[in-house]
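*Asks:* Structure file run.pdb (PDB, C-alpha atoms) right here:
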MODEL        1
ATOM      1  CA  MET A   1      -1.698  70.778 -42.809
ATOM      2  CA  GLY A   2      -2.369  68.314 -40.012
ATOM      3  CA  THR A   3      -5.046  65.698 -40.236
ATOM      4  CA  GLN A   4      -7.056  64.792 -37.194
ATOM      5  CA  SER A   5      -7.221  61.126 -36.285
ATOM      6  CA  PRO A   6     -10.647  59.509 -36.502
ATOM      7  CA  PHE A   7      -9.971  58.178 -33.012
ATOM      8  CA  SER A   8      -9.221  61.540 -31.370
ATOM      9  CA  TRP A   9     -12.581  61.388 -29.586
ATOM     10  CA  ALA A  10     -11.422  58.178 -27.857
ATOM     11  CA  ALA A  11      -8.209  59.828 -26.661
ATOM     12  CA  GLN A  12     -10.280  62.602 -25.104
ATOM     13  CA  ALA A  13     -12.984  60.328 -23.642
ATOM     14  CA  LEU A  14     -10.733  57.605 -22.218
ATOM     15  CA  PRO A  15      -9.330  59.598 -19.245
ATOM     16  CA  ASP A  16     -12.868  60.668 -18.260
ATOM     17  CA  MET A  17     -14.135  57.085 -18.458
ATOM     18  CA  VAL A  18     -11.225  55.784 -16.364
ATOM     19  CA  ASN A  19     -11.745  58.507 -13.740
ATOM     20  CA  ARG A  20     -15.490  57.772 -13.523
ATOM     21  CA  LEU A  21     -14.836  54.039 -13.249
ATOM     22  CA  ALA A  22     -12.238  54.589 -10.528
ATOM     23  CA  ALA A  23     -14.629  56.836  -8.597
ATOM     24  CA  ASN A  24     -17.479  54.296  -8.680
ATOM     25  CA  PHE A  25     -15.612  50.984  -8.509
ATOM     26  CA  GLN A  26     -14.994  49.466  -5.101
ATOM     27  CA  PRO A  27     -13.370  46.005  -5.133
ATOM     28  CA  PRO A  28     -14.263  43.524  -2.379
ATOM     29  CA  ALA A  29     -12.441  44.097   0.908
ATOM     30  CA  TRP A  30     -10.593  40.773   0.694
ATOM     31  CA  VAL A  31      -9.174  41.730  -2.730
ATOM     32  CA  VAL A  32      -7.889  45.024  -1.358
ATOM     33  CA  ASP A  33      -6.455  43.310   1.729
ATOM     34  CA  GLU A  34      -4.621  40.631  -0.261
ATOM     35  CA  SER A  35      -3.364  43.189  -2.783
ATOM     36  CA  VAL A  36      -1.883  45.264   0.041
ATOM     37  CA  ASN A  37      -0.256  42.153   1.540
ATOM     38  CA  ARG A  38       1.322  41.339  -1.839
ATOM     39  CA  LEU A  39       2.507  44.944  -2.203
ATOM     40  CA  VAL A  40       4.258  44.799   1.192
ATOM     41  CA  LEU A  41       5.872  41.465   0.252
ATOM     42  CA  PHE A  42       7.091  42.985  -3.026
ATOM     43  CA  LEU A  43       8.495  46.069  -1.258
ATOM     44  CA  ASN A  44      10.362  43.826   1.194
ATOM     45  CA  HIS A  45      11.714  41.715  -1.688
ATOM     46  CA  VAL A  46      13.124  44.855  -3.298
ATOM     47  CA  LEU A  47      14.511  46.130   0.018
ATOM     48  CA  MET A  48      16.308  42.828   0.729
ATOM     49  CA  ASN A  49      18.519  43.464  -2.299
ATOM     50  CA  GLU A  50      19.640  46.847  -0.897
ATOM     51  CA  PRO A  51      21.632  46.567   2.369
ATOM     52  CA  GLU A  52      21.946  50.363   2.733
ATOM     53  CA  ALA A  53      18.175  50.763   2.474
ATOM     54  CA  MET A  54      17.625  48.075   5.093
ATOM     55  CA  ALA A  55      20.117  49.769   7.434
ATOM     56  CA  ARG A  56      18.338  53.114   7.019
ATOM     57  CA  LEU A  57      14.944  51.538   7.692
ATOM     58  CA  ALA A  58      16.242  49.614  10.718
ATOM     59  CA  ARG A  59      17.230  52.958  12.303
ATOM     60  CA  GLN A  60      13.577  54.045  11.944
ATOM     61  CA  LYS A  61      12.111  50.891  13.544
ATOM     62  CA  GLY A  62       8.746  51.358  15.204
ATOM     63  CA  GLN A  63       7.917  54.576  13.362
ATOM     64  CA  ARG A  64       4.405  54.763  11.910
ATOM     65  CA  ILE A  65       4.154  55.649   8.218
ATOM     66  CA  GLU A  66       0.796  56.263   6.618
ATOM     67  CA  LEU A  67       0.360  56.414   2.833
ATOM     68  CA  VAL A  68      -2.926  57.931   1.643
ATOM     69  CA  TRP A  69      -4.432  58.248  -1.816
ATOM     70  CA  ASP A  70      -8.086  58.997  -2.441
ATOM     71  CA  ARG A  71     -10.017  56.461  -0.333
ATOM     72  CA  MET A  72      -7.062  54.111   0.120
ATOM     73  CA  GLN A  73      -4.834  54.083   3.158
ATOM     74  CA  LEU A  74      -1.750  51.963   3.858
ATOM     75  CA  GLN A  75      -0.049  51.916   7.226
ATOM     76  CA  LEU A  76       3.524  50.632   7.408
ATOM     77  CA  SER A  77       6.137  50.376  10.099
ATOM     78  CA  PRO A  78       9.871  49.638   9.683
ATOM     79  CA  THR A  79      11.059  46.525  11.517
ATOM     80  CA  PRO A  80      14.361  46.024  13.397
ATOM     81  CA  ALA A  81      15.477  43.913  10.396
ATOM     82  CA  GLY A  82      15.092  46.904   8.068
ATOM     83  CA  LEU A  83      11.984  45.679   6.282
ATOM     84  CA  LEU A  84       8.402  46.932   6.312
ATOM     85  CA  GLU A  85       5.447  45.440   8.097
ATOM     86  CA  ARG A  86       1.841  46.324   7.627
ATOM     87  CA  GLY A  87       0.372  48.143  10.595
ATOM     88  CA  HIS A  88      -2.997  49.022  12.036
ATOM     89  CA  PHE A  89      -2.475  52.010  14.298
ATOM     90  CA  GLU A  90      -3.953  55.304  15.395
ATOM     91  CA  GLY A  91      -1.963  58.396  14.538
ATOM     92  CA  PHE A  92       1.238  58.527  12.515
ATOM     93  CA  ASP A  93       4.798  59.735  12.638
ATOM     94  CA  LEU A  94       4.772  60.452   8.900
ATOM     95  CA  ARG A  95       1.814  60.786   6.548
ATOM     96  CA  LEU A  96       2.337  60.944   2.782
ATOM     97  CA  THR A  97      -0.823  61.954   0.914
ATOM     98  CA  VAL A  98      -0.878  61.765  -2.880
ATOM     99  CA  THR A  99      -2.681  64.969  -3.863
ATOM    100  CA  GLU A 100      -3.490  63.959  -7.442
ATOM    101  CA  ASP A 101      -7.004  62.480  -7.666
ATOM    102  CA  SER A 102      -6.872  61.074 -11.181
ATOM    103  CA  PRO A 103      -5.290  57.633 -11.691
ATOM    104  CA  VAL A 104      -4.636  58.645 -15.306
ATOM    105  CA  SER A 105      -2.625  61.700 -14.191
ATOM    106  CA  ILE A 106      -0.623  59.590 -11.752
ATOM    107  CA  ALA A 107       0.081  56.964 -14.426
ATOM    108  CA  SER A 108       1.112  59.710 -16.863
ATOM    109  CA  ALA A 109       3.493  61.231 -14.311
ATOM    110  CA  LEU A 110       5.031  57.830 -13.570
ATOM    111  CA  ALA A 111       5.359  57.071 -17.302
ATOM    112  CA  ARG A 112       7.263  60.367 -17.710
ATOM    113  CA  GLY A 113       9.543  59.336 -14.849
ATOM    114  CA  ASP A 114       8.135  61.972 -12.497
ATOM    115  CA  LYS A 115       6.996  61.506  -8.919
ATOM    116  CA  PRO A 116       3.344  62.214  -8.166
ATOM    117  CA  LYS A 117       2.624  65.306  -6.054
ATOM    118  CA  VAL A 118       2.610  64.422  -2.362
ATOM    119  CA  ARG A 119       1.679  66.348   0.800
ATOM    120  CA  ILE A 120       4.030  65.457   3.673
ATOM    121  CA  GLU A 121       3.050  65.694   7.332
ATOM    122  CA  GLY A 122       5.087  64.642  10.337
ATOM    123  CA  ASP A 123       8.687  63.715  11.178
ATOM    124  CA  VAL A 124      11.150  65.492   8.867
ATOM    125  CA  GLN A 125      13.963  62.958   9.450
ATOM    126  CA  LEU A 126      11.686  60.027   8.625
ATOM    127  CA  ALA A 127      10.458  61.887   5.524
ATOM    128  CA  ALA A 128      14.078  62.367   4.424
ATOM    129  CA  GLU A 129      14.761  58.637   4.839
ATOM    130  CA  VAL A 130      11.647  57.697   2.849
ATOM    131  CA  ASN A 131      12.648  60.176   0.136
ATOM    132  CA  TRP A 132      16.126  58.599   0.020
ATOM    133  CA  LEU A 133      14.520  55.174  -0.426
ATOM    134  CA  ILE A 134      12.302  56.458  -3.250
ATOM    135  CA  ASP A 135      15.274  58.070  -5.003
ATOM    136  CA  HIS A 136      17.793  55.230  -4.600
ATOM    137  CA  VAL A 137      16.060  51.868  -4.324
ATOM    138  CA  ARG A 138      15.132  50.228  -7.614
ATOM    139  CA  TRP A 139      13.746  46.812  -8.461
ATOM    140  CA  ASP A 140      16.098  44.841 -10.676
ATOM    141  CA  ALA A 141      13.444  42.963 -12.625
ATOM    142  CA  GLU A 142      16.032  41.604 -15.043
ATOM    143  CA  GLU A 143      17.922  39.909 -12.208
ATOM    144  CA  ASP A 144      14.751  38.337 -10.823
ATOM    145  CA  LEU A 145      13.719  37.186 -14.296
ATOM    146  CA  ALA A 146      17.195  35.708 -14.891
ATOM    147  CA  ARG A 147      16.697  33.466 -11.865
ATOM    148  CA  LEU A 148      13.644  31.997 -13.585
ATOM    149  CA  ILE A 149      14.566  31.778 -17.270
ATOM    150  CA  GLY A 150      18.314  32.415 -17.503
ATOM    151  CA  ASP A 151      20.497  35.416 -18.231
ATOM    152  CA  ALA A 152      20.219  35.729 -22.036
ATOM    153  CA  PRO A 153      16.409  35.508 -22.316
ATOM    154  CA  ALA A 154      16.002  37.809 -19.315
ATOM    155  CA  HIS A 155      18.338  40.378 -20.894
ATOM    156  CA  THR A 156      16.402  40.247 -24.171
ATOM    157  CA  LEU A 157      13.022  40.668 -22.442
ATOM    158  CA  ALA A 158      14.380  43.517 -20.325
ATOM    159  CA  GLN A 159      15.673  45.290 -23.450
ATOM    160  CA  VAL A 160      12.249  44.990 -25.100
ATOM    161  CA  ALA A 161      10.575  46.313 -21.937
ATOM    162  CA  ARG A 162      12.977  49.295 -21.775
ATOM    163  CA  GLN A 163      12.265  50.136 -25.419
ATOM    164  CA  ALA A 164       8.508  49.904 -24.815
ATOM    165  CA  LEU A 165       8.786  52.151 -21.753
ATOM    166  CA  ALA A 166      10.849  54.691 -23.717
ATOM    167  CA  ALA A 167       8.203  54.698 -26.457
ATOM    168  CA  LEU A 168       5.442  55.159 -23.854
ATOM    169  CA  ARG A 169       7.316  58.056 -22.238
ATOM    170  CA  SER A 170       7.821  59.666 -25.632
ATOM    171  CA  PHE A 171       4.131  59.264 -26.455
ATOM    172  CA  VAL A 172       3.020  60.744 -23.122
ATOM    173  CA  ALA A 173       5.458  63.650 -23.475
ATOM    174  CA  GLN A 174       4.104  64.527 -26.927
ATOM    175  CA  ARG A 175       0.431  64.487 -25.944
ATOM    176  CA  PRO A 176      -1.244  67.899 -25.859
ATOM    177  CA  GLY A 177      -1.732  69.264 -22.371
ATOM    178  CA  THR A 178       1.247  67.519 -20.773
ATOM    179  CA  GLY A 179       3.499  70.548 -21.165
ATOM    180  CA  LEU A 180       6.432  68.284 -22.029
ATOM    181  CA  ARG A 181       6.697  68.455 -25.808
ATOM    182  CA  THR A 182       9.959  67.015 -27.050
ATOM    183  CA  GLY A 183      11.968  68.343 -29.963
ATOM    184  CA  SER A 184      13.320  71.779 -30.794
ATOM    185  CA  ALA A 185      11.316  74.954 -30.506
ATOM    186  CA  ALA A 186      10.316  76.602 -33.787
TER
ENDMDL
END
Is it possible to give me this structure as structure tokens?
*Replies:*
Amino acid sequence: MGTQSPFSWAAQALPDMVNRLAANFQPPAWVVDESVNRLVLFLNHVLMNEPEAMARLARQKGQRIELVWDRMQLQLSPTPAGLLERGHFEGFDLRLTVTEDSPVSIASALARGDKPKVRIEGDVQLAAEVNWLIDHVRWDAEEDLARLIGDAPAHTLAQVARQALAALRSFVAQRPGTGLRTGSAA
């Protein structure tokens, strides 16, 4: 006989509260602008560690990529150096629109290791290159951390982070309604 947690109401109410907050919260424009600038810098940092990714992006120089989610829009353009620069342009060569409205659902999908659902419009070749980047380019956080604190502490912290992420994925997979129960079928 299963016992219901006294906090089950919180588990049910939390996603609704987060969705309502996200729908009504609008940060100041300068915060959004600086956050986007930092995101582009981070993406370029990750790309600089992947020569193949930079070569693929360099071949797409000048293309206009638009990323859209809810009310947010990010316009990027590959540079001749194979990096990304923030753009402000009319029209697009490729538009990627995240179709999931809920930030909780997106976070859950990412925690499971899934990609969020995306509607793709525009250049098929450019879409294939972006998909290749998403599938093959990864941030090596442990390497970056090792530059700051040394190899052994960075390895230990990375191991702890991997274990925490595995526990989070397991928790998300076992939640009712995710359709991803782990374990054997009875």
*Asks:* To one decimal place, how far is atom CA of Asn44 of chain A from atom CA of Asp101 of chain A in Å?
*Replies:*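 Taking atom CA of Asn44 of chain A as the start and atom CA of Asp101 of chain A as the end point, the length is 27.0 Å.
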*Asks:* One decimal, in Å: what's the spacing between atom CA of Ile106 of chain A and atom CA of Leu57 of chain A?
*Replies:*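 Computing the Euclidean distance for atom CA of Ile106 of chain A and atom CA of Leu57 of chain A yields 26.2 Å.
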*Asks:* I'd like the neighbourhood of Ala127 of chain A as a ChimeraX atom specification, where a residue qualifies if any of its atoms comes within 12 Å (using only C-alpha atoms), though same-chain residues fewer than 5 positions away should be ignored.
*Replies:* /A:56-57,60,63-67,93-96,118-122,132-134
*Asks:* Could you save those same residues with C-alpha atoms as an mmCIF file, in the coordinates of the input?
*Replies:*
data_model
loop_
_atom_site.group_PDB
_atom_site.id
_atom_site.type_symbol
_atom_site.label_atom_id
_atom_site.label_comp_id
_atom_site.auth_asym_id
_atom_site.auth_seq_id
_atom_site.Cartn_x
_atom_site.Cartn_y
_atom_site.Cartn_z
ATOM 1 C CA ARG A 56 18.338 53.114 7.019
ATOM 2 C CA LEU A 57 14.944 51.538 7.692
ATOM 3 C CA GLN A 60 13.577 54.045 11.944
ATOM 4 C CA GLN A 63 7.917 54.576 13.362
ATOM 5 C CA ARG A 64 4.405 54.763 11.910
ATOM 6 C CA ILE A 65 4.154 55.649 8.218
ATOM 7 C CA GLU A 66 0.796 56.263 6.618
ATOM 8 C CA LEU A 67 0.360 56.414 2.833
ATOM 9 C CA ASP A 93 4.798 59.735 12.638
ATOM 10 C CA LEU A 94 4.772 60.452 8.900
ATOM 11 C CA ARG A 95 1.814 60.786 6.548
ATOM 12 C CA LEU A 96 2.337 60.944 2.782
ATOM 13 C CA VAL A 118 2.610 64.422 -2.362
ATOM 14 C CA ARG A 119 1.679 66.348 0.800
ATOM 15 C CA ILE A 120 4.030 65.457 3.673
ATOM 16 C CA GLU A 121 3.050 65.694 7.332
ATOM 17 C CA GLY A 122 5.087 64.642 10.337
ATOM 18 C CA TRP A 132 16.126 58.599 0.020
ATOM 19 C CA LEU A 133 14.520 55.174 -0.426
ATOM 20 C CA ILE A 134 12.302 56.458 -3.250
#
*Asks:* To verify the selection step, state as JSON, numbers by chain which residues the PyMOL selection byres ((chain A and resi 72-82) around 6) yields on this input.
*Replies:* {"A": [54, 55, 57, 58, 61, 62, 63, 64, 65, 66, 67, 68, 69, 70, 71, 83, 84, 85, 86, 87]}
*Asks:* Using only C-alpha atoms, please write the residues we just selected to a file, as an mmCIF file, in the coordinates of the input.
*Replies:*
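Saved as out-v6.cif:
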data_model
loop_
_atom_site.group_PDB
_atom_site.id
_atom_site.type_symbol
_atom_site.label_atom_id
_atom_site.label_comp_id
_atom_site.auth_asym_id
_atom_site.auth_seq_id
_atom_site.Cartn_x
_atom_site.Cartn_y
_atom_site.Cartn_z
ATOM 1 C CA MET A 54 17.625 48.075 5.093
ATOM 2 C CA ALA A 55 20.117 49.769 7.434
ATOM 3 C CA LEU A 57 14.944 51.538 7.692
ATOM 4 C CA ALA A 58 16.242 49.614 10.718
ATOM 5 C CA LYS A 61 12.111 50.891 13.544
ATOM 6 C CA GLY A 62 8.746 51.358 15.204
ATOM 7 C CA GLN A 63 7.917 54.576 13.362
ATOM 8 C CA ARG A 64 4.405 54.763 11.910
ATOM 9 C CA ILE A 65 4.154 55.649 8.218
ATOM 10 C CA GLU A 66 0.796 56.263 6.618
ATOM 11 C CA LEU A 67 0.360 56.414 2.833
ATOM 12 C CA VAL A 68 -2.926 57.931 1.643
ATOM 13 C CA TRP A 69 -4.432 58.248 -1.816
ATOM 14 C CA ASP A 70 -8.086 58.997 -2.441
ATOM 15 C CA ARG A 71 -10.017 56.461 -0.333
ATOM 16 C CA LEU A 83 11.984 45.679 6.282
ATOM 17 C CA LEU A 84 8.402 46.932 6.312
ATOM 18 C CA GLU A 85 5.447 45.440 8.097
ATOM 19 C CA ARG A 86 1.841 46.324 7.627
ATOM 20 C CA GLY A 87 0.372 48.143 10.595
#
*Asks:* Between atom CA of Leu157 of chain A and atom CA of Leu110 of chain A, what is the distance, to one decimal in Å?
*Replies:*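 So the answer is 20.9 Å.
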*Asks:* For the provided coordinates, the residues matched by the PyMOL selection byres ((chain A and resi 45) around 12) should be stated as a PyMOL selection string.
*Replies:* chain A and resi 38-44+46-51+53-54+82-84+137-141+144
*Asks:* How big is the axis-aligned box around the listed atoms of segment 140-154 of chain A once 8 Å is added on each side, and where is its centre? Give both in Å to one decimal, as AutoDock Vina command-line options.
*Replies:*
--center_x 17.0 --center_y 38.3 --center_z -16.5 --size_x 23.1 --size_y 29.1 --size_z 27.6
*Asks:* Could you check the closest approach to Leu168 of chain A for each of A:Ala29, A:Ala109, A:Leu21, A:Val98 and tell me which residue wins, using all atoms listed in the file?
*Replies:*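 So, comparing all the options, the nearest one is A:Ala109.
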